[in-house]
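Okay, target_34.cif now, which holds mmCIF, C-alpha atoms:
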data_start
loop_
_atom_site.label_atom_id
_atom_site.label_comp_id
_atom_site.auth_asym_id
_atom_site.auth_seq_id
_atom_site.Cartn_x
_atom_site.Cartn_y
_atom_site.Cartn_z
CA ASP A 2 129.14 63.75 107.31
CA ILE A 3 127.77 65.93 110.11
CA PHE A 4 126.60 68.49 107.51
CA ASP A 5 124.60 66.01 105.41
CA LEU A 6 121.19 66.68 106.91
CA ASN A 7 119.26 63.97 105.03
CA LYS A 8 121.71 61.20 105.96
CA ASN A 9 121.69 62.27 109.61
CA ILE A 10 117.89 62.23 109.65
CA LYS A 11 117.92 58.72 108.16
CA LEU A 12 120.46 57.64 110.78
CA LEU A 13 118.27 59.01 113.57
CA TYR A 14 115.22 57.10 112.29
CA ASP A 15 117.27 53.93 111.77
CA PHE A 16 118.45 54.06 115.39
CA GLN A 17 114.93 54.74 116.67
CA ASN A 18 113.54 51.83 114.64
CA ARG A 19 116.12 49.61 116.35
CA GLY A 20 114.69 50.65 119.72
CA MET A 21 117.27 53.24 120.72
CA GLU A 22 116.01 56.08 122.91
CA PHE A 23 117.77 59.43 122.57
CA LYS A 24 118.25 61.64 125.63
CA ALA A 25 120.13 64.47 123.90
CA ILE A 26 121.80 65.39 120.61
CA LEU A 27 124.65 67.83 121.10
CA ALA A 28 127.03 69.82 118.93
CA ALA A 29 129.46 71.36 121.41
CA GLY A 30 132.46 72.83 119.59
CA LEU A 31 131.28 71.61 116.18
CA ASP A 32 129.77 73.82 113.47
CA ALA A 33 126.93 71.34 112.89
CA ASN A 34 124.53 73.27 115.10
CA PHE A 35 121.85 73.36 112.39
CA THR A 36 122.03 69.57 112.02
CA MET A 37 121.80 69.32 115.81
CA ALA A 38 118.72 71.57 115.95
CA VAL A 39 116.83 69.65 113.24
CA LEU A 40 117.60 66.25 114.78
CA ASN A 41 116.54 67.42 118.24
CA ASP A 42 113.31 68.76 116.76
CA LEU A 43 112.55 65.46 115.02
CA ALA A 44 113.41 63.49 118.17
CA HIS A 45 111.17 65.80 120.26
CA LEU A 46 114.04 66.79 122.52
CA PRO A 47 114.43 70.22 124.15
CA ALA A 48 116.86 72.34 122.15
CA VAL A 49 117.22 75.56 120.20
CA SER A 50 114.87 75.71 117.21
CA PRO A 51 116.11 74.95 113.66
CA LEU A 52 115.00 78.43 112.57
CA ILE A 53 117.27 80.16 115.11
CA ALA A 54 120.16 77.86 114.22
CA TYR A 55 119.62 78.66 110.53
CA ILE A 56 119.49 82.44 111.07
CA THR A 57 122.72 82.54 113.05
CA HIS A 58 124.55 80.14 110.72
CA HIS A 59 124.05 82.37 107.66
CA LYS A 60 125.79 85.73 107.86
CA ASN A 61 123.43 87.43 105.40
CA VAL A 62 120.28 86.31 107.25
CA PHE A 63 121.75 87.22 110.64
CA ARG A 64 122.71 90.72 109.48
CA ASP A 65 119.20 91.22 108.15
CA PHE A 66 117.91 90.20 111.58
CA LEU A 67 120.23 92.65 113.39
CA GLU A 68 119.14 95.50 111.14
CA LYS A 69 115.42 94.77 111.52
CA ASN A 70 115.73 94.57 115.32
CA ASN A 71 117.72 97.81 115.73
CA LEU A 72 120.78 95.98 117.04
CA PRO A 73 124.34 97.11 116.22
CA TYR A 74 125.44 95.89 112.79
CA PRO A 75 128.00 96.84 110.12
CA ARG A 76 127.24 98.24 106.69
CA TRP A 77 127.22 95.14 104.50
CA ARG A 78 126.19 93.56 101.24
CA GLU A 79 125.94 90.01 99.91
CA VAL A 80 127.85 89.73 96.65
CA GLY A 81 127.55 87.11 93.94
CA LYS A 82 129.12 88.71 90.89
CA GLU A 83 131.56 91.40 89.83
CA GLU A 84 129.06 94.23 89.35
CA GLU A 85 127.59 93.59 92.82
CA LEU A 86 131.10 93.74 94.26
CA LYS A 87 131.69 97.17 92.73
CA SER A 88 128.38 98.43 94.11
CA ALA A 89 129.07 96.98 97.58
CA VAL A 90 132.53 98.56 97.81
CA LYS A 91 131.10 101.93 96.80
CA TYR A 92 128.38 101.66 99.48
CA ILE A 93 130.62 100.39 102.32
CA GLY A 94 133.87 102.26 101.73
CA PHE A 95 137.17 101.45 103.43
CA PRO A 96 138.28 99.82 105.62
CA LEU A 97 136.22 96.72 104.79
CA ILE A 98 136.37 92.95 105.22
CA VAL A 99 135.45 90.13 102.83
CA LYS A 100 133.94 86.97 104.41
CA ASN A 101 132.41 83.65 103.46
CA LEU A 102 128.65 83.46 103.92
CA ASP A 103 128.14 80.23 105.87
CA ASN A 104 131.49 78.65 106.70
CA SER A 105 133.74 78.97 109.76
CA GLY A 106 137.35 79.37 110.79
CA SER A 107 137.69 82.64 108.82
CA ARG A 108 137.97 80.69 105.55
CA GLY A 109 138.31 83.15 102.70
CA THR A 110 138.46 86.15 105.03
CA ARG A 111 140.50 89.14 103.86
CA LYS A 112 140.76 92.67 105.28
CA PHE A 113 141.36 95.80 103.21
CA PHE A 114 142.48 98.82 105.22
CA ARG A 115 142.58 101.06 102.14
CA GLU A 116 141.39 100.81 98.57
CA PRO A 117 143.48 98.32 96.52
CA LYS A 118 143.49 97.52 92.84
CA PHE A 119 140.11 96.08 91.91
CA GLN A 120 141.66 92.76 90.86
CA GLU A 121 142.78 92.20 94.48
CA LEU A 122 139.23 92.73 95.70
CA LEU A 123 137.90 90.44 93.00
CA LYS A 124 140.33 87.68 93.99
CA ALA A 125 139.36 88.01 97.68
CA PHE A 126 135.67 87.89 96.79
CA LYS A 127 136.15 84.71 94.75
CA ASN A 128 138.11 83.04 97.58
CA ALA A 129 135.35 83.85 100.08
CA ALA A 130 132.61 82.76 97.67
CA ASP A 131 134.40 79.46 97.05
CA ALA A 132 134.29 78.81 100.82
CA SER A 133 130.49 79.38 100.88
CA SER A 134 127.79 76.88 99.98
CA THR A 135 125.93 79.67 98.16
CA LYS A 136 129.01 80.72 96.14
CA THR A 137 128.39 84.26 97.37
CA ALA A 138 130.36 86.36 99.87
CA VAL A 139 129.69 89.03 102.47
CA ILE A 140 131.40 92.40 102.13
CA GLU A 141 131.12 94.52 105.25
CA GLN A 142 132.43 97.48 107.19
CA LEU A 143 135.57 96.61 109.18
CA PHE A 144 135.07 97.45 112.84
CA ASP A 145 138.05 98.15 115.09
CA GLY A 146 138.56 97.18 118.71
CA PRO A 147 139.40 94.27 121.03
CA GLU A 148 137.57 91.02 120.21
CA GLN A 149 136.10 88.34 122.45
CA THR A 150 134.11 85.14 122.58
CA THR A 151 131.09 85.71 124.81
CA GLU A 152 129.22 82.54 125.82
CA GLY A 153 126.03 82.00 127.78
CA ILE A 154 123.40 79.31 128.26
CA PHE A 155 119.62 79.41 128.58
CA ASP A 156 118.47 76.72 131.01
CA VAL A 157 115.29 74.61 130.73
CA ASN A 158 113.34 77.39 132.46
CA GLY A 159 114.46 80.02 129.97
CA LYS A 160 116.84 81.81 132.35
CA PHE A 161 120.02 83.19 130.77
CA TRP A 162 123.27 82.36 132.54
CA PRO A 163 126.50 84.21 131.59
CA CYS A 164 129.29 81.62 131.37
CA LEU A 165 132.56 83.10 130.16
CA ILE A 166 134.21 85.82 128.13
CA THR A 167 137.51 84.97 126.45
CA ASP A 168 139.72 87.65 124.91
CA ARG A 169 140.72 86.82 121.33
CA ILE A 170 144.12 88.31 120.53
CA PHE A 171 144.45 89.10 116.82
CA ASP A 172 147.27 90.53 114.75
CA ARG A 173 145.23 93.64 113.94
CA LYS A 174 147.72 94.76 111.28
CA SER A 175 147.39 91.53 109.31
CA ILE A 176 145.23 91.42 106.19
CA PHE A 177 143.92 88.06 107.43
CA ALA A 178 141.93 87.20 110.55
CA ALA A 179 145.11 85.99 112.25
CA GLU A 180 144.22 84.95 115.80
CA ARG A 181 147.43 84.73 117.82
CA SER A 182 146.19 83.61 121.23
CA LEU A 183 143.30 83.43 123.69
CA GLU A 184 143.22 84.89 127.20
CA HIS A 185 140.84 83.72 129.88
CA PRO A 186 139.43 85.18 131.98
CA SER A 187 138.88 88.39 130.04
CA THR A 188 140.85 91.46 131.06
CA LEU A 189 137.97 93.81 130.15
CA PRO A 190 136.67 95.96 133.01
CA PRO A 191 133.42 94.76 134.62
CA ASP A 192 131.23 97.44 133.01
CA LYS A 193 132.36 96.46 129.50
CA GLN A 194 131.85 92.77 130.28
CA LYS A 195 128.32 93.50 131.51
CA ALA A 196 127.60 95.43 128.30
CA LEU A 197 128.65 92.38 126.27
CA TRP A 198 126.48 90.04 128.34
CA ASP A 199 123.51 92.38 128.02
CA LEU A 200 123.88 92.59 124.23
CA VAL A 201 124.23 88.82 123.79
CA GLU A 202 121.24 88.12 126.03
CA LEU A 203 119.10 90.76 124.28
CA THR A 204 120.03 89.46 120.83
CA ALA A 205 119.35 85.85 121.79
CA LYS A 206 115.97 86.74 123.27
CA LYS A 207 115.02 88.70 120.16
CA LEU A 208 115.93 85.59 118.16
CA GLY A 209 113.42 83.72 120.34
CA MET A 210 115.89 81.61 122.30
CA THR A 211 114.50 80.00 125.45
CA ILE A 212 116.96 77.10 125.80
CA GLY A 213 120.46 76.21 124.66
CA THR A 214 123.77 77.93 124.01
CA ALA A 215 124.18 81.52 122.84
CA LYS A 216 127.77 82.07 121.74
CA ALA A 217 128.87 85.31 120.11
CA ASP A 218 132.05 86.64 118.59
CA THR A 219 132.00 90.19 119.94
CA MET A 220 134.00 93.39 119.71
CA VAL A 221 134.19 96.46 121.93
CA THR A 222 134.30 99.44 119.56
CA LYS A 223 134.47 103.17 120.27
CA ASN A 224 130.67 103.19 119.83
CA GLY A 225 130.07 100.29 122.20
CA PRO A 226 129.82 96.50 121.93
CA VAL A 227 128.86 94.77 118.69
CA ILE A 228 128.22 91.15 117.74
CA ILE A 229 130.34 90.10 114.77
CA GLU A 230 128.93 86.57 114.51
CA MET A 231 126.61 84.46 116.64
CA THR A 232 125.89 80.75 116.88
CA THR A 233 123.93 78.21 118.91
CA ARG A 234 126.86 76.08 120.04
CA LEU A 235 129.90 76.43 122.25
CA SER A 236 133.13 77.85 120.90
CA GLY A 237 135.42 75.68 118.83
CA GLY A 238 134.98 74.79 115.17
CA PHE A 239 136.67 72.30 112.92
#

Exercise: express the given structure as structure tokens:
Amino acid sequence: DIFDLNKNIKLLYDFQNRGMEFKAILAAGLDANFTMAVLNDLAHLPAVSPLIAYITHHKNVFRDFLEKNNLPYPRWREVGKEEELKSAVKYIGFPLIVKNLDNSGSRGTRKFFREPKFQELLKAFKNAADASSTKTAVIEQLFDGPEQTTEGIFDVNGKFWPCLITDRIFDRKSIFAAERSLEHPSTLPPDKQKALWDLVELTAKKLGMTIGTAKADTMVTKNGPVIIEMTTRLSGGF
């Protein structure tokens, strides 16, 4: 299990005790980037730090980071029970989106373009919480605009290299995060692409990244680019 940290640590030490020398431990399109970061740290290999991998893997911690560093972020709340859900909805307003806290693939995600019956919101919250290891969910402001995957790499000297921007084509009328297709290269004009690169590089540097992959799910809104999610691996997911 790539998410069982203790068993992966034991496996690493077992291999090392048998004389194996590790050159690299990589999670490319896999969501086990926190496991990767911890194992690299224990093996004394150059890689993104476990702290950065942890921050970006947990939506609540990452949104706290964005807010504290004056980076674009949505109004949001972490919700664990019914009364917190009512308070969050009142604070955020509509449209809003309900998300899992630390899973991937839009598991439990549900959009609300206008206020529904509360039981619908409650059901969506429970679905998202069930997909989270914390059994809590994130309720946040629903941004509008074209979405992308924006990927870059910091080399061993700490230099940031833009790699690619892929347009993510969603059914924007769907209540789910229904991704219909991908288009590469991006059709965004050069100035908007540069704005995305600049935001991803700035965010990664504020996180303290000096090596490794900085991959962001981004959106170009009427108020400029925003980072929806960020991770320390390449795009993909299980």

Evaluated on this file, the PyMOL selection byres ((chain A and resi 130-138) around 6) picks out some residues - which ones are they, written as a PyMOL selection string?
chain A and resi 79-81+100-104+127-129+139

Contacts of Asn71 in chain A at 12 Å (all atoms listed in the file; same-chain gap of 3+ positions) as a PyMOL selection string
chain A and resi 64-68+74-75+200+203-204+207+227

Calculated over only C-alpha atoms, which of the candidates A:Arg111, A:His185, A:Lys206, A:Arg78 has the smallest distance to Phe161 in chain A?
A:Lys206

Extending 3 Å beyond the listed atoms of range 58-65 of chain A on each side, what axis-aligned box results? I want centre and edge lengths in Å to one decimal, as JSON.
{"center_x": 122.5, "center_y": 85.7, "center_z": 108.1, "size_x": 12.6, "size_y": 17.1, "size_z": 11.3}

Given the choices A:Ile228, A:Ile176, A:Val62, A:Ala54, which gets closest to Phe113 in chain A if the distance is worked out from only C-alpha atoms?
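Looking at the shortest contact to Phe113 in chain A, the residue is A:Ile176.
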